[in-house]
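model25.txt (compact mmCIF, C-alpha atoms and all ligand atoms)
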# COMPACT_ATOMS: atom_id res chain seq x y z
CA MET A 1 12.44 -27.66 35.28
CA ARG A 2 15.64 -29.47 36.18
CA ILE A 3 17.97 -31.24 33.76
CA GLN A 4 20.97 -33.23 34.88
CA MET A 5 23.56 -34.96 32.77
CA VAL A 6 27.00 -36.43 33.09
CA SER A 7 29.49 -35.07 30.55
CA ARG A 8 32.46 -37.34 29.91
CA ASN A 9 34.41 -34.94 27.71
CA LEU A 10 34.48 -31.44 26.20
CA GLU A 11 32.42 -32.52 23.20
CA GLN A 12 29.53 -33.64 25.42
CA THR A 13 29.65 -30.38 27.38
CA ASP A 14 29.62 -28.46 24.09
CA ALA A 15 26.64 -30.48 22.84
CA LEU A 16 24.64 -29.78 26.01
CA ALA A 17 25.40 -26.06 25.69
CA LYS A 18 24.27 -26.15 22.07
CA THR A 19 20.92 -27.68 23.01
CA PHE A 20 20.48 -25.26 25.90
CA THR A 21 21.04 -22.20 23.68
CA LYS A 22 17.81 -23.04 21.85
CA ILE A 23 15.82 -21.72 24.81
CA ILE A 24 17.99 -18.67 25.49
CA ARG A 25 16.59 -15.31 24.48
CA PRO A 26 16.83 -11.75 25.85
CA PRO A 27 16.28 -10.67 28.50
CA MET A 28 17.66 -13.63 30.43
CA ILE A 29 20.00 -14.01 33.39
CA ILE A 30 21.87 -17.29 33.75
CA LEU A 31 24.13 -18.15 36.68
CA LEU A 32 27.00 -20.64 36.53
CA ASN A 33 28.01 -22.26 39.81
CA GLY A 34 30.87 -24.61 40.52
CA ASP A 35 34.40 -24.71 41.88
CA LEU A 36 37.38 -23.15 40.16
CA GLY A 37 38.23 -25.30 37.15
CA SER A 38 34.86 -27.05 37.04
CA GLY A 39 34.08 -25.71 33.58
CA LYS A 40 31.99 -22.54 33.90
CA THR A 41 34.01 -20.49 31.40
CA THR A 42 34.25 -23.51 29.11
CA PHE A 43 30.44 -23.76 29.10
CA VAL A 44 30.17 -20.01 28.43
CA LYS A 45 32.51 -20.41 25.42
CA SER A 46 30.10 -22.90 23.87
CA LEU A 47 27.04 -20.81 24.69
CA VAL A 48 28.57 -17.71 23.12
CA LYS A 49 29.52 -19.63 19.99
CA TYR A 50 26.01 -21.05 19.54
CA LEU A 51 24.46 -17.66 20.26
CA GLY A 52 26.03 -16.48 17.03
CA SER A 53 29.22 -14.78 18.20
CA ASN A 54 32.72 -15.24 16.85
CA ASP A 55 34.15 -13.12 19.66
CA GLU A 56 36.91 -14.63 21.73
CA VAL A 57 35.67 -15.66 25.16
CA THR A 58 38.15 -15.08 27.96
CA SER A 59 37.72 -15.41 31.68
CA PRO A 60 36.74 -11.94 32.97
CA THR A 61 38.37 -12.58 36.33
CA PHE A 62 40.28 -9.30 36.28
CA THR A 63 37.98 -7.24 34.08
CA LEU A 64 34.84 -8.56 35.87
CA LEU A 65 32.78 -8.17 32.67
CA ASN A 66 33.28 -9.06 29.00
CA THR A 67 30.69 -8.13 26.39
CA TYR A 68 30.32 -10.22 23.22
CA ASN A 69 28.30 -9.46 20.10
CA GLY A 70 26.12 -12.36 19.10
CA ASN A 71 22.53 -12.48 17.90
CA PHE A 72 22.13 -10.04 20.83
CA PRO A 73 24.56 -8.64 23.41
CA ILE A 74 26.04 -11.24 25.77
CA TYR A 75 27.32 -9.97 29.12
CA HIS A 76 29.79 -12.37 30.72
CA PHE A 77 30.51 -11.61 34.37
CA ASP A 78 32.99 -13.17 36.76
CA MET A 79 32.32 -12.08 40.34
CA TYR A 80 35.23 -14.12 41.74
CA ARG A 81 37.14 -11.04 42.86
CA LEU A 82 34.12 -9.32 44.39
CA SER A 83 33.22 -10.06 47.96
CA SER A 84 29.87 -8.34 48.45
CA MET A 85 26.81 -6.94 46.77
CA GLU A 86 28.03 -3.47 47.83
CA GLU A 87 31.20 -3.89 45.74
CA ALA A 88 29.14 -4.93 42.73
CA LEU A 89 26.90 -1.88 43.19
CA ALA A 90 30.02 0.30 43.34
CA VAL A 91 31.07 -0.81 39.86
CA GLY A 92 27.56 -0.23 38.51
CA PHE A 93 26.53 -3.80 37.81
CA GLU A 94 22.95 -3.60 39.10
CA GLU A 95 21.68 -1.99 35.89
CA TYR A 96 22.47 -5.17 33.92
CA PHE A 97 20.26 -7.22 36.22
CA ASP A 98 17.17 -5.05 35.74
CA LYS A 99 15.28 -7.23 33.30
CA SER A 100 12.99 -4.42 32.18
CA ARG A 101 16.08 -2.72 30.72
CA LEU A 102 18.26 -5.71 29.78
CA ASP A 103 18.84 -5.83 26.00
CA GLY A 104 20.72 -9.14 25.97
CA VAL A 105 21.65 -12.11 28.09
CA CYS A 106 23.77 -12.13 31.27
CA LEU A 107 26.00 -15.14 32.01
CA VAL A 108 27.34 -14.85 35.54
CA GLU A 109 30.15 -16.84 37.17
CA TRP A 110 30.54 -16.69 40.97
CA ALA A 111 27.18 -14.97 41.53
CA GLU A 112 27.22 -16.41 45.06
CA ASN A 113 29.79 -13.70 45.91
CA VAL A 114 27.22 -10.96 45.25
CA GLU A 115 24.20 -12.46 47.01
CA GLY A 116 21.20 -10.15 46.70
CA LEU A 117 22.42 -8.29 43.59
CA ILE A 118 20.43 -10.34 41.09
CA PRO A 119 16.72 -10.32 41.89
CA GLU A 120 15.42 -12.43 39.02
CA VAL A 121 17.32 -15.45 37.73
CA ASP A 122 16.15 -17.53 34.75
CA PHE A 123 18.50 -20.51 35.01
CA VAL A 124 21.19 -21.79 37.35
CA ILE A 125 23.78 -24.11 35.84
CA THR A 126 25.80 -26.07 38.38
CA ILE A 127 28.92 -27.95 37.31
CA ASP A 128 30.48 -30.56 39.56
CA LYS A 129 33.90 -31.92 38.74
CA ILE A 130 33.80 -35.70 39.09
CA ASN A 131 37.29 -36.34 37.73
CA ASP A 132 39.71 -34.92 35.17
CA ARG A 133 37.27 -35.06 32.26
CA THR A 134 33.93 -35.95 33.78
CA ARG A 135 31.45 -33.31 34.94
CA LYS A 136 27.96 -33.50 36.39
CA ILE A 137 26.00 -30.62 34.89
CA THR A 138 22.65 -29.55 36.34
CA ILE A 139 20.42 -26.93 34.75
CA LYS A 140 17.66 -25.62 36.98
CA GLN A 141 15.03 -23.04 36.16
CA GLY A 142 14.58 -20.04 38.47
CA ASN A 143 16.47 -18.89 41.54
N1 LIG B 1 33.77 -32.59 30.35
C1 LIG B 1 34.30 -31.37 30.51
N2 LIG B 1 33.49 -30.28 30.47
C2 LIG B 1 34.01 -29.04 30.67
N3 LIG B 1 35.31 -28.78 30.91
C3 LIG B 1 36.16 -29.82 30.95
C4 LIG B 1 35.70 -31.15 30.74
N4 LIG B 1 36.77 -31.98 30.85
C5 LIG B 1 37.83 -31.23 31.07
N5 LIG B 1 37.50 -29.91 31.14
C6 LIG B 1 38.47 -28.84 31.38
O1 LIG B 1 38.22 -28.24 32.64
C7 LIG B 1 38.71 -26.90 32.63
C8 LIG B 1 37.63 -25.97 33.10
O2 LIG B 1 38.16 -24.66 33.19
P1 LIG B 1 37.26 -23.38 33.23
O3 LIG B 1 36.14 -23.51 32.25
O4 LIG B 1 38.13 -22.18 33.11
O5 LIG B 1 36.65 -23.48 34.72
P2 LIG B 1 35.93 -22.37 35.62
O6 LIG B 1 35.49 -21.25 34.73
O7 LIG B 1 34.79 -23.12 36.24
O8 LIG B 1 36.94 -21.96 36.65
C9 LIG B 1 39.12 -26.59 31.19
O9 LIG B 1 40.51 -26.71 31.09
C10 LIG B 1 38.42 -27.69 30.39
O10 LIG B 1 39.11 -28.02 29.21
MG MG B 2 35.76 -19.13 34.93
Go ahead and render the structure in this file as structure tokens.
Amino acid sequence: MRIQMVSRNLEQTDALAKTFTKIIRPPMIILLNGDLGSGKTTFVKSLVKYLGSNDEVTSPTFTLLNTYNGNFPIYHFDMYRLSSMEEALAVGFEEYFDKSRLDGVCLVEWAENVEGLIPEVDFVITIDKINDRTRKITIKQGN
């Protein structure tokens, strides 16, 4: 499955996230790819809201992981500051990506920095910045 759309503003990005949440259920691992400022955290904010959480979503660039309480636990990772799978193992992240034990959903920014850490991916969301407000958003199933 591959869905692609052009979002012309925040409302359209929010609406796509809302539709996408209808097929999200634990245990799922979702990666978000795209340059800095493309809209990964913005997309996560909408997902978290529509997954039933009122928790504040912040970019976990320094903390690496934020956990939100929605209809199920939501684990929001930002691997920007990690540079290898070994570093991710050192902070104990591999247990989250074991789907036989995962009790919620993982949303992962900058997963490309920890290549090899996540064996089984459900969806990859790629956001391309076209201009100030326009984004091309692609949702692809599997690795
Ligand atoms: N159509 C759009 N969809 C998503 N974000 C948009 C859009 N137009 C403008 N933006 C802005 O782009 C920025 C994206 O920032 P952020 O989500 O933190 O990016 P990232 O997490 O990819 O580094 C936000 O300031 C957001 O308001
Ligand atoms: Mg971000």
Using only C-alpha atoms and all ligand atoms, what table do you get, as a tab-separated table, when you list each residue of chain A with an atom no more than 6 Å from ligand MG 2 (chain B), its nearest pair of atoms, and their distance in Å rounded to one decimal, rows by chain then rising number?
residue	atom	partner	partner_atom	distance
A:Lys40	CA	B:MG2	MG	5.2
A:Thr41	CA	B:MG2	MG	4.2
A:Ser59	CA	B:MG2	MG	5.3
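With all atoms listed in the file as the basis for measurement, A:Tyr80 is the residue among A:Tyr80, A:Phe20, A:Tyr75, A:Tyr96 that approaches ligand LIG 1 (chain B) most closely.
With distances restricted to all atoms listed in the file, A:Arg8 is the closest residue to Lys136 (chain A) from A:Arg2, A:Arg101, A:Arg8, A:Lys18.
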Do you know which residues are at most 9 Å from Lys99 (chain A) counting all atoms listed in the file, after dropping those on the same chain fewer than 5 positions away, and could you put them as a PDB file with C-alpha atoms, in the coordinates of the input?
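out07.pdb, written as the output of this step:
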ATOM      1  CA  PRO A  26      16.830 -11.750  25.850  1.00  0.00           C
ATOM      2  CA  PRO A  27      16.280 -10.670  28.500  1.00  0.00           C
ATOM      3  CA  MET A  28      17.660 -13.630  30.430  1.00  0.00           C
ATOM      4  CA  ILE A  29      20.000 -14.010  33.390  1.00  0.00           C
ATOM      5  CA  GLU A 120      15.420 -12.430  39.020  1.00  0.00           C
TER       6      GLU A 120
END
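Nearest residue to ligand LIG 1 (chain B) among A:Asp55, A:Glu109, A:Glu86, A:Asp122 is A:Glu109, counting all atoms listed in the file.
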Check every protein, DNA and RNA residue against ligand LIG 1 (chain B), keep those with an atom at most 12 Å away (counting only C-alpha atoms and all ligand atoms), and present them as a PDB file with C-alpha atoms, in the frame of the given file.
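Output below, filename out22.pdb:
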ATOM      1  CA  MET A   5      23.560 -34.960  32.770  1.00  0.00           C
ATOM      2  CA  VAL A   6      27.000 -36.430  33.090  1.00  0.00           C
ATOM      3  CA  SER A   7      29.490 -35.070  30.550  1.00  0.00           C
ATOM      4  CA  ARG A   8      32.460 -37.340  29.910  1.00  0.00           C
ATOM      5  CA  ASN A   9      34.410 -34.940  27.710  1.00  0.00           C
ATOM      6  CA  LEU A  10      34.480 -31.440  26.200  1.00  0.00           C
ATOM      7  CA  GLU A  11      32.420 -32.520  23.200  1.00  0.00           C
ATOM      8  CA  GLN A  12      29.530 -33.640  25.420  1.00  0.00           C
ATOM      9  CA  THR A  13      29.650 -30.380  27.380  1.00  0.00           C
ATOM     10  CA  ASP A  14      29.620 -28.460  24.090  1.00  0.00           C
ATOM     11  CA  ALA A  15      26.640 -30.480  22.840  1.00  0.00           C
ATOM     12  CA  LEU A  16      24.640 -29.780  26.010  1.00  0.00           C
ATOM     13  CA  ALA A  17      25.400 -26.060  25.690  1.00  0.00           C
ATOM     14  CA  LEU A  31      24.130 -18.150  36.680  1.00  0.00           C
ATOM     15  CA  LEU A  32      27.000 -20.640  36.530  1.00  0.00           C
ATOM     16  CA  ASN A  33      28.010 -22.260  39.810  1.00  0.00           C
ATOM     17  CA  GLY A  34      30.870 -24.610  40.520  1.00  0.00           C
ATOM     18  CA  ASP A  35      34.400 -24.710  41.880  1.00  0.00           C
ATOM     19  CA  LEU A  36      37.380 -23.150  40.160  1.00  0.00           C
ATOM     20  CA  GLY A  37      38.230 -25.300  37.150  1.00  0.00           C
ATOM     21  CA  SER A  38      34.860 -27.050  37.040  1.00  0.00           C
ATOM     22  CA  GLY A  39      34.080 -25.710  33.580  1.00  0.00           C
ATOM     23  CA  LYS A  40      31.990 -22.540  33.900  1.00  0.00           C
ATOM     24  CA  THR A  41      34.010 -20.490  31.400  1.00  0.00           C
ATOM     25  CA  THR A  42      34.250 -23.510  29.110  1.00  0.00           C
ATOM     26  CA  PHE A  43      30.440 -23.760  29.100  1.00  0.00           C
ATOM     27  CA  VAL A  44      30.170 -20.010  28.430  1.00  0.00           C
ATOM     28  CA  LYS A  45      32.510 -20.410  25.420  1.00  0.00           C
ATOM     29  CA  SER A  46      30.100 -22.900  23.870  1.00  0.00           C
ATOM     30  CA  VAL A  57      35.670 -15.660  25.160  1.00  0.00           C
ATOM     31  CA  THR A  58      38.150 -15.080  27.960  1.00  0.00           C
ATOM     32  CA  SER A  59      37.720 -15.410  31.680  1.00  0.00           C
ATOM     33  CA  PRO A  60      36.740 -11.940  32.970  1.00  0.00           C
ATOM     34  CA  THR A  61      38.370 -12.580  36.330  1.00  0.00           C
ATOM     35  CA  HIS A  76      29.790 -12.370  30.720  1.00  0.00           C
ATOM     36  CA  PHE A  77      30.510 -11.610  34.370  1.00  0.00           C
ATOM     37  CA  ASP A  78      32.990 -13.170  36.760  1.00  0.00           C
ATOM     38  CA  MET A  79      32.320 -12.080  40.340  1.00  0.00           C
ATOM     39  CA  TYR A  80      35.230 -14.120  41.740  1.00  0.00           C
ATOM     40  CA  LEU A 107      26.000 -15.140  32.010  1.00  0.00           C
ATOM     41  CA  VAL A 108      27.340 -14.850  35.540  1.00  0.00           C
ATOM     42  CA  GLU A 109      30.150 -16.840  37.170  1.00  0.00           C
ATOM     43  CA  TRP A 110      30.540 -16.690  40.970  1.00  0.00           C
ATOM     44  CA  ILE A 125      23.780 -24.110  35.840  1.00  0.00           C
ATOM     45  CA  THR A 126      25.800 -26.070  38.380  1.00  0.00           C
ATOM     46  CA  ILE A 127      28.920 -27.950  37.310  1.00  0.00           C
ATOM     47  CA  ASP A 128      30.480 -30.560  39.560  1.00  0.00           C
ATOM     48  CA  LYS A 129      33.900 -31.920  38.740  1.00  0.00           C
ATOM     49  CA  ILE A 130      33.800 -35.700  39.090  1.00  0.00           C
ATOM     50  CA  ASN A 131      37.290 -36.340  37.730  1.00  0.00           C
ATOM     51  CA  ASP A 132      39.710 -34.920  35.170  1.00  0.00           C
ATOM     52  CA  ARG A 133      37.270 -35.060  32.260  1.00  0.00           C
ATOM     53  CA  THR A 134      33.930 -35.950  33.780  1.00  0.00           C
ATOM     54  CA  ARG A 135      31.450 -33.310  34.940  1.00  0.00           C
ATOM     55  CA  LYS A 136      27.960 -33.500  36.390  1.00  0.00           C
ATOM     56  CA  ILE A 137      26.000 -30.620  34.890  1.00  0.00           C
TER      57      ILE A 137
END
Please determine, counting all atoms listed in the file, which residue among A:Ile3, A:Pro119, A:Leu82, A:Tyr68 has the shortest atom-to-atom distance to Glu94 (chain A). A:Pro119
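The interatomic distance for the pair CA of Ser100 (chain A) and CA of Asn69 (chain A) works out to 20.1 Å.
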Could you list, as a PyMOL selection string, every residue within 8 Å of Phe123 (chain A), counting only C-alpha atoms and ignoring same-chain residues fewer than 3 positions away? chain A and resi 29-31+139-143
Could you give me region 119-137 of chain A completed to N, CA and C atoms, formatted as a PDB file, in the frame of the given file?
ATOM      1  N   PRO A 119      18.035  -9.983  41.344  1.00  0.00           N
ATOM      2  CA  PRO A 119      16.720 -10.320  41.890  1.00  0.00           C
ATOM      3  C   PRO A 119      16.006 -11.441  41.134  1.00  0.00           C
ATOM      4  N   GLU A 120      16.232 -11.518  39.834  1.00  0.00           N
ATOM      5  CA  GLU A 120      15.420 -12.430  39.020  1.00  0.00           C
ATOM      6  C   GLU A 120      16.322 -13.285  38.143  1.00  0.00           C
ATOM      7  N   VAL A 121      16.422 -14.558  38.468  1.00  0.00           N
ATOM      8  CA  VAL A 121      17.320 -15.450  37.730  1.00  0.00           C
ATOM      9  C   VAL A 121      16.485 -16.411  36.891  1.00  0.00           C
ATOM     10  N   ASP A 122      16.885 -16.614  35.632  1.00  0.00           N
ATOM     11  CA  ASP A 122      16.150 -17.530  34.750  1.00  0.00           C
ATOM     12  C   ASP A 122      16.619 -18.968  34.893  1.00  0.00           C
ATOM     13  N   PHE A 123      17.953 -19.150  34.894  1.00  0.00           N
ATOM     14  CA  PHE A 123      18.500 -20.510  35.010  1.00  0.00           C
ATOM     15  C   PHE A 123      19.753 -20.496  35.877  1.00  0.00           C
ATOM     16  N   VAL A 124      19.942 -21.582  36.617  1.00  0.00           N
ATOM     17  CA  VAL A 124      21.190 -21.790  37.350  1.00  0.00           C
ATOM     18  C   VAL A 124      21.814 -23.085  36.823  1.00  0.00           C
ATOM     19  N   ILE A 125      23.038 -22.957  36.333  1.00  0.00           N
ATOM     20  CA  ILE A 125      23.780 -24.110  35.840  1.00  0.00           C
ATOM     21  C   ILE A 125      24.846 -24.451  36.882  1.00  0.00           C
ATOM     22  N   THR A 126      24.809 -25.664  37.377  1.00  0.00           N
ATOM     23  CA  THR A 126      25.800 -26.070  38.380  1.00  0.00           C
ATOM     24  C   THR A 126      26.673 -27.175  37.782  1.00  0.00           C
ATOM     25  N   ILE A 127      27.982 -26.974  37.863  1.00  0.00           N
ATOM     26  CA  ILE A 127      28.920 -27.950  37.310  1.00  0.00           C
ATOM     27  C   ILE A 127      29.757 -28.540  38.430  1.00  0.00           C
ATOM     28  N   ASP A 128      29.679 -29.853  38.561  1.00  0.00           N
ATOM     29  CA  ASP A 128      30.480 -30.560  39.560  1.00  0.00           C
ATOM     30  C   ASP A 128      31.549 -31.365  38.859  1.00  0.00           C
ATOM     31  N   LYS A 129      32.787 -31.168  39.316  1.00  0.00           N
ATOM     32  CA  LYS A 129      33.900 -31.920  38.740  1.00  0.00           C
ATOM     33  C   LYS A 129      33.950 -33.297  39.387  1.00  0.00           C
ATOM     34  N   ILE A 130      33.765 -34.335  38.577  1.00  0.00           N
ATOM     35  CA  ILE A 130      33.800 -35.700  39.090  1.00  0.00           C
ATOM     36  C   ILE A 130      35.236 -36.225  39.027  1.00  0.00           C
ATOM     37  N   ASN A 131      35.859 -36.047  37.861  1.00  0.00           N
ATOM     38  CA  ASN A 131      37.290 -36.340  37.730  1.00  0.00           C
ATOM     39  C   ASN A 131      37.843 -35.466  36.615  1.00  0.00           C
ATOM     40  N   ASP A 132      39.018 -35.752  36.153  1.00  0.00           N
ATOM     41  CA  ASP A 132      39.710 -34.920  35.170  1.00  0.00           C
ATOM     42  C   ASP A 132      38.798 -34.461  34.017  1.00  0.00           C
ATOM     43  N   ARG A 133      38.060 -35.384  33.447  1.00  0.00           N
ATOM     44  CA  ARG A 133      37.270 -35.060  32.260  1.00  0.00           C
ATOM     45  C   ARG A 133      35.769 -35.180  32.459  1.00  0.00           C
ATOM     46  N   THR A 134      35.360 -35.712  33.564  1.00  0.00           N
ATOM     47  CA  THR A 134      33.930 -35.950  33.780  1.00  0.00           C
ATOM     48  C   THR A 134      33.304 -34.865  34.650  1.00  0.00           C
ATOM     49  N   ARG A 135      32.159 -34.356  34.208  1.00  0.00           N
ATOM     50  CA  ARG A 135      31.450 -33.310  34.940  1.00  0.00           C
ATOM     51  C   ARG A 135      29.993 -33.699  35.095  1.00  0.00           C
ATOM     52  N   LYS A 136      29.407 -33.380  36.241  1.00  0.00           N
ATOM     53  CA  LYS A 136      27.960 -33.500  36.390  1.00  0.00           C
ATOM     54  C   LYS A 136      27.402 -32.092  36.188  1.00  0.00           C
ATOM     55  N   ILE A 137      26.529 -31.939  35.224  1.00  0.00           N
ATOM     56  CA  ILE A 137      26.000 -30.620  34.890  1.00  0.00           C
ATOM     57  C   ILE A 137      24.495 -30.599  35.147  1.00  0.00           C
TER      58      ILE A 137
END
